[in-house]
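Chemist: A single structure is presented below for examination.
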Amino acid sequence: MLWKRQIPILIVAVIGSLTLFGWFVDEPNIKSFVDDDATQWYDILASFAIFLGGFNLLKMQLQKVFRKQSGWQYSLFAIGGFILAIIAGFFYKGNPDVAWGIHVTAKGTLFKWIFTYMFAPMQATMFALLAFFVASASYRAFRIRNFEATLLLVAGIIIMLGRVPLGSFISSWFILYLLILIGGIAVNSIFKNKQYTAIFVIAGIVLVTIGGISMGWPIDQPGVFYLPYLQEWIYKYPNVAGARSIMMGIGLGIFATSIRYILGIEKSYIGE
Amino acid sequence: MNDRDFIIGAGGISISFLIYWFIGHPYFITERIVMFAAIMLFSGTLLFFIRKARRGEEIFLRDIPGLKAVEEAVGRSTEMGKPVLFVPGIQDMDQVETVAGVIVLGHVSKMTARYETTLNVPVSRAIVMKAAQEACKESYLMEGRPDMFHDDMVHYLTDEQFAFAAGVNGIMVREKPAACLYMGKFYAESLILAETGNSIGAIQIAGTASQAQIPFFVTACDYTLIGEEFFAASAYLSQKPELIGGIKGQDMIKLIVIAVLLIGVVLRFFHDSGVIDFSIINFLTVK
């Protein structure tokens with residue numbers, strides 16, 4: 001019990017407090033512990049732990065092959081890749097002029113060849129899939145289901161158009177006419193009266209036209225309806241406000257969680 | 001510790017610090033006093049509400065649909081006879097989000113033990129693998145089903161981001177889990193995982209504090225725990241009073257932050273107008 005409960009809690013409390021309050025202390029040893037030593041300890045631990053991970057991976061794949069579980073053929077590739085990487089990393093450089101150690105990054109070695117011509121393209125392939133997933137996810141997000149989704153759609157269109165050259169050629173007056181028509185749809189769906197809708201749309205069009213004639217139809221005036229300005233405003237204000245509120249929540253969550261660990265209130269990490 | 005001891009302890013620490021401060025506070029970085037005071041104030045607030053909760057005071061915790069749905073997701077998997085997939089992010093245990101993810105895994109594995117459902121936890125870091133194995137083992141023991149636990153339910157894939165995404169996608173497509181839970185720190189692979197989960201018709205619940213990934217999860221998952229909700233998961237799922245008290249304390253800190261923001265805006269206005277010389281920005285900026 002002592003080793004599995006009290007000691008881990010004590011280690012978390014001491015190291016956590018030292019790391020937290022070490023930031024306020026002007027003492028070189030504590031400073032170097034907080035900034036360097038603690039993270040290096042972690043890196044050393046992680047380096048040894050990779051053996052555990054590697055063995056686990058190998059064990060799982062071998063089990064699949066020997067038990068002929070479904071998809072065991074794929075495991076052959078995993079085992080083959082594993083063995084090939086070990087050979088290229090520890091036993092065969094492929095270029096005798098390159099020293100051991102830097103052979104993992106030096107040109108002309110087997111390890112570098114595997115990285116450049118096998119690993120990097122495969123990573124890039126997975127990354128490229130993201131573009132298609134973004135498209136399918138955007139379709140779902142932008143489907144007009146409710147007010148929030150509509151707002152998201154409109155904001156998305158404004159941001160997309162406002163950030164490309166085409167957006168700067170779209171006049172504010174065109175957007176105003178568009179808004180009048182959208183407003184007409186809204187009036188119609190609220191009052192369900194054609195006369196009201198007609199009056200709203202005609203009055204709106206007349207007002208916008210009078211405004212345009214009197215101002216000389218400048219493309220970027222009124223600025224609030226000019227897409228490049230509008231997108232910048234959306235991006236800088238509502239977007240940043242929302243992002244910062246989430247950030248504050250996240251920060252508080254991290255703080256509260258850390259304090260709970262340091263004080264030993266949260267003990268779920270030792271299974272309690 | 002009773003109330004009297006707590007007050008004596010807190011008072012003792014405060015007086016000790018004041019004495020230390022007035023004798024010249026050697027080794028203390030004076031420019032960081034505001035941050036130090038904020039940490040003390042926030043910690044005190046948290047502790048106050050944790051103690052209140054421990055005393056048995058009822059604390060309201062609003063429903064978090066994403067957390068309510070966790071049990072429903074495990075139940076669905078049980079009914080369909082399919083596994084539950086849990087991904088605790090792609091970062092190591094030095095990230096609070098990963099630790100929070102492993103804690104949620106502990107609760108989820110209790111449910112899978114209770115319902116006798118298969119749990120599959122692919123991880124991308126070896127230390128996370130060991131921590132997750134321990135969490136699951138404890139949960140299965142606590143539920144009285146140690147026979148159902150096996151080390152391989154938590155297995156390592158790779159440290160590489162997209163190789164890990166490919167591995168998890170492969171598991172999803174082959175095993176077709178009925179529930180996919182993503183709880184931890186994610187980067188660009190979030191959408192790849194969530195969209196694949198969506199394509200196999202799994203019920204998906206995500207929780208992350210990675211701000212850039214929240215929109216992707218919101219779009220592709222059925223439920224998303226946004227930021228602080230994710231850190232509240234442990235309290236919500238365990239229903240332990242001291243943890244719920246911490247959540248209440250967090251809300252109170254949020255009120256304090258809002259008050260500081262409002263006061264800061266007013267003080268900034270007066271400073272910029274030349275009415276006062278005190279700059280709140282300089283005062284609050286961490287040096």
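Scheme for the structure tokens: letters A, B, ... for chains in order shown; per-chain residue numbers from 1; ligand numbers from 1 in order shown.
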Only residues of chain B matter here; which ones have an atom within 7 Å of chain A, counting only C-alpha atoms? Give them as a ChimeraX atom specification.

Modeler: /B:27-29,32,96,103,126-127,135,138-139,155-157,162-163,166,191-192,195,209,219-220,227-228,231,250

Chemist: Give me the residues near Ile280 in chain B as JSON, numbers by chain, where near means some atom within 9 Å (using only C-alpha atoms) and where sequence neighbours in that chain fewer than 3 positions away do not count.

Modeler: {"B": [264, 265, 267, 268, 271, 283, 284, 285]}

Chemist: Determine, counting only C-alpha atoms, which protein, DNA and RNA residues have an atom within 10 Å of an atom of Lys52 in chain B; residues of the same chain fewer than 5 positions away are not included. Present the result as number ranges by chain.

Modeler: B: 3, 46-47, 57-59, 241-242, 245-246, 248-249

Chemist: Extract, using only C-alpha atoms, all DNA, RNA and protein residues at most 10 Å from Gln63 in chain A, discarding same-chain residues fewer than 6 positions from it, and format them as a count of residues only.

Modeler: 4

Chemist: I need the residue nearest Lys236 in chain A from this list: A:Ile210, A:Ile159, A:Leu176, A:Leu110. Use only C-alpha atoms for the distance.

Modeler: A:Ile159

Chemist: Taking the backbone alone, and naming residues the way the document does, which bits of range 50-206 of chain B are strand (DSSP E) by DSSP, as a list in words?

Modeler: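 Put together, the selection reads Val84, Leu85, Phe86, Val87, Leu119, Asn120, Val121, Pro122, Val123, Val154, His155, Tyr156, Ala179, Cys180, Leu181, Tyr182, Met183, Ile203, Gln204, Ile205 and Ala206 of chain B.
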
Chemist: Could you give me, as a PyMOL selection string, the residues within 9 Å of range 114-121 of chain B, counting only C-alpha atoms and dropping anything in the same chain fewer than 6 positions from it?

Modeler: chain B and resi 74-75+77-78+81-88+105+108+129+132+140+143-145+148+152-156+177

Chemist: Determine, counting only C-alpha atoms, which protein, DNA and RNA residues have an atom within 8 Å of an atom of Cys136 in chain B; residues of the same chain fewer than 5 positions away are not included. Present the result as number ranges by chain.

Modeler: B: 105-106, 109-110, 149
